[in-house]
Structure formats: C-alpha cells, structure tokens
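K.L.:
Structure file model_21.pdb, PDB, C-alpha atoms, is pasted below:
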ATOM      1  CA  MET Z   1     -75.547 -49.626 -14.187
ATOM      2  CA  LYS Z   2     -75.578 -47.324 -11.168
ATOM      3  CA  LYS Z   3     -74.985 -43.589 -11.294
ATOM      4  CA  ILE Z   4     -72.346 -42.937  -8.623
ATOM      5  CA  ILE Z   5     -70.856 -39.659  -7.398
ATOM      6  CA  ILE Z   6     -67.391 -39.657  -5.829
ATOM      7  CA  THR Z   7     -66.075 -36.456  -4.236
ATOM      8  CA  GLY Z   8     -62.301 -36.285  -3.936
ATOM      9  CA  SER Z   9     -62.078 -38.497  -7.023
ATOM     10  CA  ALA Z  10     -58.580 -37.294  -7.934
ATOM     11  CA  GLY Z  11     -57.237 -38.085  -4.484
ATOM     12  CA  PHE Z  12     -55.576 -41.239  -3.243
ATOM     13  CA  LEU Z  13     -58.642 -43.240  -2.187
ATOM     14  CA  GLY Z  14     -60.986 -41.531  -4.633
ATOM     15  CA  SER Z  15     -58.963 -42.453  -7.704
ATOM     16  CA  HIS Z  16     -58.701 -46.095  -6.626
ATOM     17  CA  LEU Z  17     -62.426 -46.249  -5.902
ATOM     18  CA  THR Z  18     -63.271 -44.589  -9.231
ATOM     19  CA  ARG Z  19     -61.310 -47.183 -11.188
ATOM     20  CA  LYS Z  20     -62.862 -50.053  -9.284
ATOM     21  CA  LEU Z  21     -66.439 -48.880  -9.829
ATOM     22  CA  LEU Z  22     -65.821 -48.142 -13.517
ATOM     23  CA  ALA Z  23     -64.406 -51.659 -13.876
ATOM     24  CA  GLN Z  24     -67.662 -52.951 -12.410
ATOM     25  CA  GLY Z  25     -69.545 -51.196 -15.209
ATOM     26  CA  HIS Z  26     -71.012 -48.221 -13.348
ATOM     27  CA  GLN Z  27     -71.306 -44.585 -14.400
ATOM     28  CA  VAL Z  28     -69.047 -42.465 -12.189
ATOM     29  CA  ILE Z  29     -69.135 -38.697 -11.776
ATOM     30  CA  GLY Z  30     -65.941 -37.573 -10.080
ATOM     31  CA  ILE Z  31     -65.719 -34.211  -8.324
ATOM     32  CA  ASP Z  32     -62.450 -32.655  -7.138
ATOM     33  CA  ASN Z  33     -61.124 -29.097  -6.907
ATOM     34  CA  LEU Z  34     -57.552 -30.450  -7.178
ATOM     35  CA  SER Z  35     -56.390 -28.673  -4.028
ATOM     36  CA  THR Z  36     -54.722 -31.875  -2.838
ATOM     37  CA  GLY Z  37     -55.906 -34.376  -5.437
ATOM     38  CA  ARG Z  38     -53.897 -34.679  -8.643
ATOM     39  CA  ILE Z  39     -55.241 -34.844 -12.181
ATOM     40  CA  GLN Z  40     -52.495 -37.361 -12.999
ATOM     41  CA  ASN Z  41     -54.276 -39.860 -10.762
ATOM     42  CA  ILE Z  42     -57.252 -40.050 -13.124
ATOM     43  CA  GLU Z  43     -56.214 -38.646 -16.513
ATOM     44  CA  ASP Z  44     -55.867 -42.154 -17.962
ATOM     45  CA  ILE Z  45     -59.600 -42.801 -17.428
ATOM     46  CA  PHE Z  46     -60.859 -39.599 -19.088
ATOM     47  CA  SER Z  47     -61.472 -41.603 -22.250
ATOM     48  CA  ASN Z  48     -63.871 -43.945 -20.418
ATOM     49  CA  PRO Z  49     -67.370 -43.037 -21.684
ATOM     50  CA  HIS Z  50     -68.856 -43.844 -18.263
ATOM     51  CA  PHE Z  51     -66.636 -41.327 -16.437
ATOM     52  CA  HIS Z  52     -67.327 -37.615 -16.125
ATOM     53  CA  PHE Z  53     -65.036 -35.298 -14.159
ATOM     54  CA  ILE Z  54     -66.061 -31.974 -12.589
ATOM     55  CA  ASP Z  55     -63.386 -29.592 -11.305
ATOM     56  CA  PHE Z  56     -65.363 -27.982  -8.493
ATOM     57  CA  ASN Z  57     -65.326 -27.233  -4.773
ATOM     58  CA  VAL Z  58     -68.072 -29.184  -2.995
ATOM     59  CA  SER Z  59     -68.186 -26.466  -0.315
ATOM     60  CA  ASP Z  60     -69.794 -24.165  -2.912
ATOM     61  CA  GLN Z  61     -73.538 -24.405  -2.330
ATOM     62  CA  THR Z  62     -74.352 -24.100  -6.038
ATOM     63  CA  ILE Z  63     -73.243 -27.695  -6.419
ATOM     64  CA  VAL Z  64     -76.597 -28.792  -4.997
ATOM     65  CA  GLU Z  65     -78.374 -27.566  -8.142
ATOM     66  CA  MET Z  66     -76.034 -29.098 -10.733
ATOM     67  CA  ASP Z  67     -78.188 -31.011 -13.222
ATOM     68  CA  LEU Z  68     -75.583 -33.723 -13.781
ATOM     69  CA  LEU Z  69     -75.636 -34.686 -10.093
ATOM     70  CA  GLN Z  70     -79.359 -35.274  -9.832
ATOM     71  CA  ASP Z  71     -80.888 -38.773  -9.725
ATOM     72  CA  SER Z  72     -77.724 -40.435  -8.448
ATOM     73  CA  ASP Z  73     -77.886 -43.865  -6.848
ATOM     74  CA  GLU Z  74     -74.872 -43.575  -4.544
ATOM     75  CA  ILE Z  75     -72.619 -40.825  -3.203
ATOM     76  CA  TYR Z  76     -69.168 -41.462  -1.740
ATOM     77  CA  HIS Z  77     -68.047 -38.288   0.039
ATOM     78  CA  LEU Z  78     -64.264 -38.642   0.276
ATOM     79  CA  ALA Z  79     -63.209 -35.050  -0.423
ATOM     80  CA  SER Z  80     -60.810 -33.624   2.172
ATOM     81  CA  PRO Z  81     -57.107 -33.149   2.769
ATOM     82  CA  ALA Z  82     -56.108 -36.216   4.791
ATOM     83  CA  SER Z  83     -52.478 -35.890   5.826
ATOM     84  CA  PRO Z  84     -51.467 -33.595   8.716
ATOM     85  CA  LYS Z  85     -49.081 -31.703   6.448
ATOM     86  CA  LEU Z  86     -51.804 -30.878   3.931
ATOM     87  CA  TYR Z  87     -54.719 -30.124   6.232
ATOM     88  CA  GLN Z  88     -52.604 -27.959   8.548
ATOM     89  CA  ASP Z  89     -51.637 -25.912   5.480
ATOM     90  CA  ALA Z  90     -55.341 -25.452   4.624
ATOM     91  CA  PRO Z  91     -57.266 -25.512   7.924
ATOM     92  CA  PHE Z  92     -60.332 -23.532   6.867
ATOM     93  CA  GLU Z  93     -60.737 -25.415   3.587
ATOM     94  CA  THR Z  94     -60.516 -28.657   5.575
ATOM     95  CA  ILE Z  95     -63.225 -27.494   7.966
ATOM     96  CA  TYR Z  96     -65.480 -26.337   5.138
ATOM     97  CA  VAL Z  97     -65.266 -29.481   3.002
ATOM     98  CA  ASN Z  98     -66.123 -31.727   5.940
ATOM     99  CA  THR Z  99     -69.007 -29.572   7.207
ATOM    100  CA  ILE Z 100     -70.529 -27.348   4.511
ATOM    101  CA  GLY Z 101     -69.354 -29.734   1.793
ATOM    102  CA  THR Z 102     -70.852 -32.680   3.643
ATOM    103  CA  GLN Z 103     -74.203 -30.937   4.022
ATOM    104  CA  ASN Z 104     -74.196 -29.971   0.330
ATOM    105  CA  MET Z 105     -73.638 -33.576  -0.728
ATOM    106  CA  LEU Z 106     -76.269 -34.780   1.749
ATOM    107  CA  GLU Z 107     -78.727 -32.345   0.160
ATOM    108  CA  ILE Z 108     -78.035 -33.939  -3.217
ATOM    109  CA  ALA Z 109     -78.614 -37.343  -1.610
ATOM    110  CA  ARG Z 110     -81.893 -36.103  -0.095
ATOM    111  CA  LYS Z 111     -83.160 -34.825  -3.453
ATOM    112  CA  SER Z 112     -82.252 -38.074  -5.211
ATOM    113  CA  ASN Z 113     -82.832 -40.497  -2.323
ATOM    114  CA  SER Z 114     -79.261 -41.698  -2.835
ATOM    115  CA  LYS Z 115     -77.271 -43.937  -0.559
ATOM    116  CA  PHE Z 116     -74.562 -41.847   1.124
ATOM    117  CA  LEU Z 117     -71.189 -42.930   2.520
ATOM    118  CA  TYR Z 118     -69.061 -40.436   4.433
ATOM    119  CA  ALA Z 119     -65.348 -41.045   4.841
ATOM    120  CA  SER Z 120     -64.574 -40.086   8.426
ATOM    121  CA  THR Z 121     -61.365 -40.967  10.235
ATOM    122  CA  SER Z 122     -59.752 -42.710  13.152
ATOM    123  CA  GLU Z 123     -58.636 -39.205  14.124
ATOM    124  CA  ALA Z 124     -62.143 -38.877  15.598
ATOM    125  CA  TYR Z 125     -60.720 -40.819  18.569
ATOM    126  CA  GLY Z 126     -58.003 -38.203  19.162
ATOM    127  CA  ASP Z 127     -55.135 -39.423  21.337
ATOM    128  CA  PRO Z 128     -57.106 -42.395  22.671
ATOM    129  CA  GLU Z 129     -57.211 -43.479  26.289
ATOM    130  CA  VAL Z 130     -59.079 -46.651  25.270
ATOM    131  CA  HIS Z 131     -57.046 -49.135  23.259
ATOM    132  CA  PRO Z 132     -57.859 -50.597  20.783
ATOM    133  CA  GLN Z 133     -60.641 -48.266  19.648
ATOM    134  CA  PRO Z 134     -64.249 -49.489  19.192
ATOM    135  CA  GLU Z 135     -66.814 -47.323  17.419
ATOM    136  CA  ASP Z 136     -68.666 -46.501  20.633
ATOM    137  CA  TYR Z 137     -65.546 -44.902  22.164
ATOM    138  CA  ARG Z 138     -66.102 -41.142  22.152
ATOM    139  CA  GLY Z 139     -62.466 -40.210  21.995
ATOM    140  CA  ASN Z 140     -59.906 -38.039  23.741
ATOM    141  CA  VAL Z 141     -59.884 -35.026  21.465
ATOM    142  CA  ASN Z 142     -58.439 -31.523  21.542
ATOM    143  CA  THR Z 143     -60.322 -28.639  19.944
ATOM    144  CA  TRP Z 144     -57.382 -26.275  20.521
ATOM    145  CA  GLY Z 145     -54.512 -27.663  18.510
ATOM    146  CA  PRO Z 146     -53.045 -28.045  15.005
ATOM    147  CA  ARG Z 147     -54.955 -31.274  14.215
ATOM    148  CA  ALA Z 148     -58.350 -29.967  15.363
ATOM    149  CA  CYS Z 149     -59.293 -28.534  11.954
ATOM    150  CA  TYR Z 150     -59.362 -32.091  10.610
ATOM    151  CA  ASP Z 151     -60.392 -34.143  13.649
ATOM    152  CA  GLU Z 152     -63.264 -31.918  14.750
ATOM    153  CA  ALA Z 153     -64.500 -31.184  11.232
ATOM    154  CA  LYS Z 154     -64.740 -34.920  10.594
ATOM    155  CA  ARG Z 155     -66.657 -35.387  13.839
ATOM    156  CA  LEU Z 156     -69.114 -32.664  12.849
ATOM    157  CA  GLY Z 157     -69.437 -34.252   9.410
ATOM    158  CA  GLU Z 158     -70.597 -37.399  11.196
ATOM    159  CA  VAL Z 159     -73.229 -35.324  13.001
ATOM    160  CA  PHE Z 160     -74.587 -34.041   9.687
ATOM    161  CA  CYS Z 161     -74.901 -37.665   8.531
ATOM    162  CA  TYR Z 162     -76.717 -38.600  11.727
ATOM    163  CA  GLU Z 163     -79.210 -35.732  11.425
ATOM    164  CA  TYR Z 164     -79.973 -36.389   7.754
ATOM    165  CA  HIS Z 165     -80.572 -40.028   8.607
ATOM    166  CA  ARG Z 166     -82.762 -39.150  11.599
ATOM    167  CA  LEU Z 167     -84.748 -36.314  10.055
ATOM    168  CA  PHE Z 168     -84.954 -37.287   6.392
ATOM    169  CA  GLN Z 169     -84.306 -41.056   6.459
ATOM    170  CA  ILE Z 170     -81.322 -40.685   4.129
ATOM    171  CA  GLN Z 171     -79.383 -43.960   3.919
ATOM    172  CA  THR Z 172     -76.229 -42.572   5.499
ATOM    173  CA  LYS Z 173     -73.218 -44.689   6.430
ATOM    174  CA  VAL Z 174     -70.056 -43.475   8.169
ATOM    175  CA  VAL Z 175     -66.716 -45.216   7.809
ATOM    176  CA  ARG Z 176     -63.870 -44.339  10.169
ATOM    177  CA  LEU Z 177     -60.747 -45.025   8.166
ATOM    178  CA  PHE Z 178     -57.486 -45.988   9.815
ATOM    179  CA  ASN Z 179     -54.147 -45.545   8.016
ATOM    180  CA  THR Z 180     -54.451 -46.667   4.392
ATOM    181  CA  TYR Z 181     -51.475 -46.815   2.042
ATOM    182  CA  SER Z 182     -50.084 -47.926  -1.310
ATOM    183  CA  ALA Z 183     -47.837 -46.426  -3.933
ATOM    184  CA  GLY Z 184     -50.728 -44.141  -4.889
ATOM    185  CA  LEU Z 185     -49.899 -41.837  -1.973
ATOM    186  CA  ARG Z 186     -48.203 -38.622  -3.038
ATOM    187  CA  ASN Z 187     -44.446 -38.688  -2.454
ATOM    188  CA  ASP Z 188     -44.771 -35.346  -0.658
ATOM    189  CA  ASP Z 189     -47.835 -36.454   1.306
ATOM    190  CA  GLY Z 190     -46.023 -36.427   4.631
ATOM    191  CA  ARG Z 191     -47.588 -39.649   5.922
ATOM    192  CA  VAL Z 192     -45.508 -42.450   7.382
ATOM    193  CA  ILE Z 193     -45.413 -44.992   4.545
ATOM    194  CA  SER Z 194     -44.879 -42.487   1.719
ATOM    195  CA  ASN Z 195     -42.184 -40.712   3.751
ATOM    196  CA  PHE Z 196     -40.269 -43.845   4.714
ATOM    197  CA  VAL Z 197     -40.358 -45.531   1.303
ATOM    198  CA  THR Z 198     -39.416 -42.390  -0.615
ATOM    199  CA  GLN Z 199     -36.591 -41.559   1.792
ATOM    200  CA  ALA Z 200     -35.258 -45.116   1.706
ATOM    201  CA  LEU Z 201     -35.260 -45.330  -2.095
ATOM    202  CA  MET Z 202     -33.596 -41.920  -2.397
ATOM    203  CA  GLY Z 203     -30.926 -42.875   0.136
ATOM    204  CA  GLU Z 204     -32.036 -40.100   2.475
ATOM    205  CA  ASP Z 205     -32.403 -40.286   6.252
ATOM    206  CA  ILE Z 206     -35.577 -42.102   7.338
ATOM    207  CA  THR Z 207     -37.172 -39.587   9.697
ATOM    208  CA  VAL Z 208     -38.933 -40.982  12.748
ATOM    209  CA  TYR Z 209     -40.800 -38.549  14.996
ATOM    210  CA  GLY Z 210     -40.493 -39.164  18.724
ATOM    211  CA  ASP Z 211     -38.751 -42.352  19.755
ATOM    212  CA  GLY Z 212     -40.788 -44.457  17.331
ATOM    213  CA  SER Z 213     -42.681 -46.314  20.047
ATOM    214  CA  GLN Z 214     -46.023 -44.803  18.998
ATOM    215  CA  THR Z 215     -48.134 -47.339  17.108
ATOM    216  CA  ARG Z 216     -50.324 -47.389  14.013
ATOM    217  CA  SER Z 217     -52.282 -49.959  12.040
ATOM    218  CA  PHE Z 218     -51.764 -49.952   8.276
ATOM    219  CA  CYS Z 219     -54.345 -51.168   5.772
ATOM    220  CA  TYR Z 220     -53.442 -51.714   2.114
ATOM    221  CA  VAL Z 221     -55.635 -49.719  -0.255
ATOM    222  CA  ASP Z 222     -57.171 -52.752  -2.009
ATOM    223  CA  ASP Z 223     -58.579 -53.962   1.310
ATOM    224  CA  THR Z 224     -59.965 -50.509   2.128
ATOM    225  CA  ILE Z 225     -61.664 -50.067  -1.259
ATOM    226  CA  ARG Z 226     -63.250 -53.504  -0.956
ATOM    227  CA  ALA Z 227     -64.676 -52.476   2.425
ATOM    228  CA  LEU Z 228     -66.074 -49.161   1.123
ATOM    229  CA  ILE Z 229     -67.937 -50.822  -1.730
ATOM    230  CA  ARG Z 230     -69.238 -53.575   0.519
ATOM    231  CA  MET Z 231     -70.447 -51.011   3.049
ATOM    232  CA  MET Z 232     -72.280 -49.001   0.399
ATOM    233  CA  GLU Z 233     -73.968 -52.129  -0.949
ATOM    234  CA  LEU Z 234     -75.357 -53.460   2.337
ATOM    235  CA  ASP Z 235     -78.551 -52.059   3.819
ATOM    236  CA  ALA Z 236     -77.430 -53.424   7.196
ATOM    237  CA  ALA Z 237     -74.708 -50.737   7.232
ATOM    238  CA  THR Z 238     -77.236 -47.890   6.994
ATOM    239  CA  GLY Z 239     -77.142 -45.660  10.056
ATOM    240  CA  GLN Z 240     -73.895 -47.271  11.211
ATOM    241  CA  ILE Z 241     -70.411 -46.030  12.023
ATOM    242  CA  ILE Z 242     -67.888 -48.716  11.104
ATOM    243  CA  ASN Z 243     -64.112 -48.826  11.624
ATOM    244  CA  ILE Z 244     -62.135 -49.912   8.584
ATOM    245  CA  GLY Z 245     -58.484 -50.695   9.161
ATOM    246  CA  ASN Z 246     -56.020 -53.467   9.787
ATOM    247  CA  PRO Z 247     -56.111 -54.556  13.446
ATOM    248  CA  THR Z 248     -52.463 -55.638  13.390
ATOM    249  CA  GLU Z 249     -50.500 -52.969  15.259
ATOM    250  CA  HIS Z 250     -46.946 -51.856  14.488
ATOM    251  CA  SER Z 251     -44.636 -49.361  16.139
ATOM    252  CA  ILE Z 252     -43.389 -46.599  13.860
ATOM    253  CA  LEU Z 253     -39.797 -47.676  14.490
ATOM    254  CA  ASP Z 254     -40.605 -51.261  13.455
ATOM    255  CA  VAL Z 255     -42.108 -49.947  10.212
ATOM    256  CA  ALA Z 256     -38.976 -47.880   9.540
ATOM    257  CA  LEU Z 257     -36.795 -50.944  10.128
ATOM    258  CA  LEU Z 258     -38.976 -53.080   7.846
ATOM    259  CA  VAL Z 259     -38.819 -50.492   5.058
ATOM    260  CA  LYS Z 260     -35.042 -50.292   5.488
ATOM    261  CA  GLN Z 261     -34.807 -54.076   5.220
ATOM    262  CA  LEU Z 262     -37.125 -54.443   2.207
ATOM    263  CA  THR Z 263     -35.426 -51.649   0.239
ATOM    264  CA  ASN Z 264     -31.919 -52.737   1.196
ATOM    265  CA  THR Z 265     -31.095 -49.058   1.645
ATOM    266  CA  THR Z 266     -28.099 -47.466   3.316
ATOM    267  CA  SER Z 267     -30.369 -44.756   4.786
ATOM    268  CA  ARG Z 268     -29.977 -43.971   8.463
ATOM    269  CA  ILE Z 269     -32.944 -43.801  10.802
ATOM    270  CA  THR Z 270     -33.003 -40.428  12.544
ATOM    271  CA  PHE Z 271     -35.238 -39.212  15.363
ATOM    272  CA  HIS Z 272     -37.019 -35.858  15.572
ATOM    273  CA  LYS Z 273     -39.387 -33.989  17.865
ATOM    274  CA  LEU Z 274     -42.870 -35.517  18.061
ATOM    275  CA  PRO Z 275     -45.551 -33.207  16.580
ATOM    276  CA  GLU Z 276     -48.161 -31.713  18.906
ATOM    277  CA  ASP Z 277     -51.239 -33.924  19.534
ATOM    278  CA  ASP Z 278     -49.678 -36.877  17.706
ATOM    279  CA  PRO Z 279     -51.582 -39.974  18.948
ATOM    280  CA  LYS Z 280     -49.500 -42.469  20.908
ATOM    281  CA  VAL Z 281     -51.519 -45.517  19.879
ATOM    282  CA  ARG Z 282     -54.004 -46.315  17.121
ATOM    283  CA  ARG Z 283     -55.626 -49.676  16.381
ATOM    284  CA  PRO Z 284     -59.204 -50.426  15.330
ATOM    285  CA  VAL Z 285     -61.672 -52.866  16.741
ATOM    286  CA  ILE Z 286     -63.218 -54.263  13.537
ATOM    287  CA  ASP Z 287     -65.971 -56.443  14.981
ATOM    288  CA  ARG Z 288     -68.663 -54.407  13.204
ATOM    289  CA  ALA Z 289     -66.845 -54.672   9.878
ATOM    290  CA  THR Z 290     -66.539 -58.424  10.338
ATOM    291  CA  ASP Z 291     -70.105 -59.000  11.566
ATOM    292  CA  ILE Z 292     -72.003 -56.537   9.360
ATOM    293  CA  LEU Z 293     -69.864 -56.435   6.219
ATOM    294  CA  GLY Z 294     -68.221 -59.851   6.361
ATOM    295  CA  TRP Z 295     -64.941 -57.980   5.839
ATOM    296  CA  ASN Z 296     -61.421 -58.578   7.060
ATOM    297  CA  PRO Z 297     -58.167 -57.211   5.621
ATOM    298  CA  GLU Z 298     -56.219 -59.761   3.596
ATOM    299  CA  ILE Z 299     -52.901 -58.077   2.744
ATOM    300  CA  SER Z 300     -50.152 -58.039   5.380
ATOM    301  CA  LEU Z 301     -47.946 -55.004   5.981
ATOM    302  CA  GLU Z 302     -44.903 -56.778   4.538
ATOM    303  CA  GLU Z 303     -46.754 -57.773   1.355
ATOM    304  CA  GLY Z 304     -48.266 -54.306   0.997
ATOM    305  CA  LEU Z 305     -44.902 -52.652   1.485
ATOM    306  CA  LYS Z 306     -43.324 -54.904  -1.152
ATOM    307  CA  ARG Z 307     -45.991 -53.814  -3.654
ATOM    308  CA  THR Z 308     -45.578 -50.173  -2.668
ATOM    309  CA  ILE Z 309     -41.787 -50.238  -2.898
ATOM    310  CA  HIS Z 310     -41.889 -51.951  -6.300
ATOM    311  CA  THR Z 311     -44.196 -49.289  -7.757
ATOM    312  CA  TYR Z 312     -42.195 -46.404  -6.256
ATOM    313  CA  GLN Z 313     -39.029 -47.906  -7.734
ATOM    314  CA  GLU Z 314     -40.685 -47.944 -11.164
ATOM    315  CA  LYS Z 315     -41.772 -44.310 -10.747
ATOM    316  CA  LEU Z 316     -38.300 -43.190  -9.701
ATOM    317  CA  ALA Z 317     -36.754 -44.984 -12.696
ATOM    318  CA  LEU Z 318     -38.840 -42.779 -14.990
ATOM    319  CA  ILE Z 319     -37.658 -39.508 -13.462
TER     320      ILE Z 319
END
Output the structure of this file as structure tokens.
P.N.:
Amino acid sequence: MKKIIITGSAGFLGSHLTRKLLAQGHQVIGIDNLSTGRIQNIEDIFSNPHFHFIDFNVSDQTIVEMDLLQDSDEIYHLASPASPKLYQDAPFETIYVNTIGTQNMLEIARKSNSKFLYASTSEAYGDPEVHPQPEDYRGNVNTWGPRACYDEAKRLGEVFCYEYHRLFQIQTKVVRLFNTYSAGLRNDDGRVISNFVTQALMGEDITVYGDGSQTRSFCYVDDTIRALIRMMELDAATGQIINIGNPTEHSILDVALLVKQLTNTTSRITFHKLPEDDPKVRRPVIDRATDILGWNPEISLEEGLKRTIHTYQEKLALI
C-alpha cells in the first residue's frame, strides 16, 4: 500500500483520481480548500478507512510541517482553478496555488523523497502558432491578459519542478493536460462540454463563442486518469514534460452540433463575442505519451458525450 497525497482532491480530476487509487488499495490523503472543488464530489468516500481529507490551502506554508503529510510515496499536485470563468474570478489565488503551493508540495516531496507529478496545462502553449503542439514548443503566450494568471502561473509551476529535479534530484514529472471532460464537471464550470450539455438538456440556447471554427481536442476523464497513474508509476517519465490529451481535433461548432444531435434537443445554437486571448487551435502531439507511457486515449468524443449526457440526465431528474 502506497501513501499518496492528492491536492485538489475535491475537484473534477482529483476526485476521480482519488477513487481510482483507493480502489487499487492505496492510502490517499486528499487536500482541498474547497474554493472550486466540491465536498459532494468525495463525501461518499469519507467512510473509506484508507482516505483522509484535509480542508486546507496548499499555498499556506505551514502545510510543509504537517505530520500527516510526511513519509509519502507519491504526490499528485492538481490543486488549481481550471476553467477560465473560475480562475479569472480568483486570479491571485490561482497564481499562488500554482507557484507558492507548488513549491510547498515540492518541499514535502523533498523531505520524504516522494515522486511528484504536477498537473500543468495545454494553456502553456498560449494561442499557438505551431499546430499541433509538441512538448518542445515554447508557446505564443501573453502575460498581459485575462488568462495570464492561469497560463503563466502554470508555466512557473513547471519551472519549480525543473529546479527541484535539477538541484535536489526530486522525481518530478509534469503533465500538460488538454481538455478533459465527463459528467463530473460542474454544471456552472463554464467549459465547453459542461456548458453545451447542460444548455441542451435544459432546452436553453447553446452558446458558441466566435464563429465556432476554433478547435479543441477532448479527452474523456477515464483516459486522462489512466495516463496520470501510468506516468507516476514509470521512472522513465521522471524529469519529463508529457502532453496528455486526445489528438482528434474538433471545431467548437461541430461539438455543439453533436451535442444537439445526441440530446435530441430543440435548443438553438447562438453565437457570441470571442473572449480575449481565446486560442484558435489546440491539439496535442502525444508521441511522448505513446512512447514513454505506452498510452493512447481509447474513448471517442461521441462515446464520451453519450456517457456524459446520460449522467447529466440522471442528475437533472433528481432536481
């Protein structure tokens, strides 16, 4: 049994990862200050004797001295607002958790000689001029805009991981996550899939920003979680930055049309002003994930959307 720390454990990815690792028989210590995570995501596992939850802000330096966190085997640092709506509402908190919070968790890893995985983002590529995006592309980023608090904080978080690996030989691993989805996303999250599915099921207008020609790649959460665990396990991933996402690219308008078709909704598709700094294209090169991790996504967008829609329908029926 491993002792594993997961920050952001009440969030979308964190709650899925927590369940998976508990199912594998590990001890999991979840940390979340519930600023964007929700206790409902994990309250059903409070009775698991191998799970311990700490309501705490990882940006608080006193976390480094917490007795319960010492002698851990692995640390997954996932804590951070992740949707533009949420991180733009809390820019400083987003900066802190990805910089100060990252260093705090790396200090715990240094004291315990833990493996450390940092959840970075495809937003590190900015509005890319290279398409699709390999890990060695340095990005087209803007430090003076509404997305910078997230994009640039994540990039600096990667630097902390690099320096702890270089100076202290900590087994750091950085994953750049592309769009991940399932019904576990908050209905008010503001991201594409949660917006479209909720609007379609409620019979509301499906809101597309811009003309819908901008593209994204969508990875179902089960595929992403499988990649995170595989990356943590493999020594070959130490000191690496690895893209995790589905390399199949879809325009936003095509996704809206597919959601409309699968939900059989009468919702109209409406078009609105494109937000500032919104990337025009986004698709990962996953050669490293394939070669180093032996990983490829398995769940298509249509199949993932069917699962997501079914679960949202069940949730709405209970309201």
K.L.:
Which residues of range 19-79 of chain Z come within 12 Å of range 148-168 of chain Z, and what is each one's closest atom pair and distance in Å (one decimal), counting only C-alpha atoms, sorted by chain and residue number, as a Markdown table?
P.N.:
| residue | atom | partner | partner_atom | distance |
| --- | --- | --- | --- | --- |
| Z:His77 | CA | Z:Gly157 | CA | 10.3 |
| Z:Leu78 | CA | Z:Lys154 | CA | 11.0 |
| Z:Ala79 | CA | Z:Lys154 | CA | 11.1 |
K.L.:
Go through Z:Ile269, Z:Val130, Z:Met202, Z:Leu69 one by one, measure the shortest atom-to-atom distance of each to Lys111 in chain Z using only C-alpha atoms, and give the residue with the smallest value.
P.N.:
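Checking each candidate against Lys111 in chain Z, we get Z:Leu69 as the closest.
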K.L.:
As a check of understanding, name the residues that the PyMOL selection byres ((chain Z and resi 290) around 12) selects in the supplied structure, as a list in words.
P.N.:
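Applying the PyMOL selection byres ((chain Z and resi 290) around 12) to the structure shown produces Ala227, Arg230, Met231, Ala237, Ile242, Asn243, Ile244, Gly245, Asn246, Pro247, Pro284, Val285, Ile286, Asp287, Arg288, Ala289, Asp291, Ile292, Leu293, Gly294, Trp295, Asn296 and Pro297 of chain Z.
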K.L.:
Would you write out, as a PyMOL selection string, every residue that the PyMOL selection byres ((chain Z and resi 57) around 10) captures in this file?
P.N.:
chain Z and resi 7-8+31-35+54-56+58-63+79+93+96-97+101
K.L.:
Name the residues captured by the PyMOL selection byres ((chain Z and resi 175-180) around 9) when it is applied to the shown file; answer as a PyMOL selection string.
P.N.:
chain Z and resi 13+117-124+135+173-174+181-182+216-221+223-224+228+231+240-246+282-284
K.L.:
With all atoms of range 266-279 of chain Z from the file as input, state the centre and edge lengths in Å to one decimal of the axis-aligned box that has 8 Å extra on each side, as lines of an AutoDock Vina configuration file.
P.N.:
center_x = -39.8
center_y = -39.6
center_z = 11.4
size_x = 39.5
size_y = 31.8
size_z = 32.2
K.L.:
Ranking Z:Ile309, Z:Ala236, Z:Met1, Z:Val281 by minimum distance to Phe196 in chain Z and counting only C-alpha atoms, which one comes first?
P.N.:
Z:Ile309
K.L.:
Hey, what's within 12 Å of Asp254 in chain Z if we count only C-alpha atoms and toss same-chain stuff fewer than 2 positions away? As a ChimeraX atom specification, please?
P.N.:
/Z:192-193,196,208,211-217,249-252,256-261,269,301-302
K.L.:
So what do you get for CA of Ile100 in chain Z versus CA of Phe53 in chain Z, distance-wise?
P.N.:
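About the pair CA of Ile100 in chain Z and CA of Phe53 in chain Z: they are 21.0 Å apart.
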K.L.:
Measure the distance from CA of Ile75 in chain Z to CA of Phe116 in chain Z in Å and round it to one decimal.
P.N.:
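Those two atoms sit 4.9 Å apart.
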K.L.:
Rank nothing, just name the residue among Z:Phe46, Z:Tyr125, Z:Tyr312, Z:Tyr87 nearest to Arg147 in chain Z, using all atoms listed in the file.
P.N.:
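Using all atoms listed in the file, the shortest distance to Arg147 in chain Z belongs to Z:Tyr87.
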K.L.:
For Asp235 in chain Z, which residue out of Z:Thr263, Z:Thr172, Z:Thr198, Z:Asn98 is the nearest one, using only C-alpha atoms?
P.N.:
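Counting only C-alpha atoms, the residue closest to Asp235 in chain Z is Z:Thr172.
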K.L.:
Here is a test: counting all atoms listed in the file, which residue of Z:Ala10, Z:Val28, Z:Leu274, Z:Leu106 is nearest to Ile170 in chain Z?
P.N.:
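The answer is Z:Leu106, which sits nearest to Ile170 in chain Z.
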K.L.:
So how far away is CA of Glu204 in chain Z from CA of Asp222 in chain Z, in Å?
P.N.:
28.5 Å
K.L.:
Pick out the closest residue to Ser300 in chain Z from this set: Z:Glu65, Z:His50, Z:Thr238, Z:Thr248. Count all atoms listed in the file.
P.N.:
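With all atoms listed in the file as the atom set, the closest residue is Z:Thr248.
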K.L.:
Once you count all atoms listed in the file, which residues end up no further than 7 Å from (-40.0, -36.2, 12.5) in the file's frame, shown as a list in words?
P.N.:
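Returned residue set, sorted by chain then number, is Thr207, Val208, Tyr209, Gly210, Phe271, His272, Lys273 and Leu274 of chain Z.
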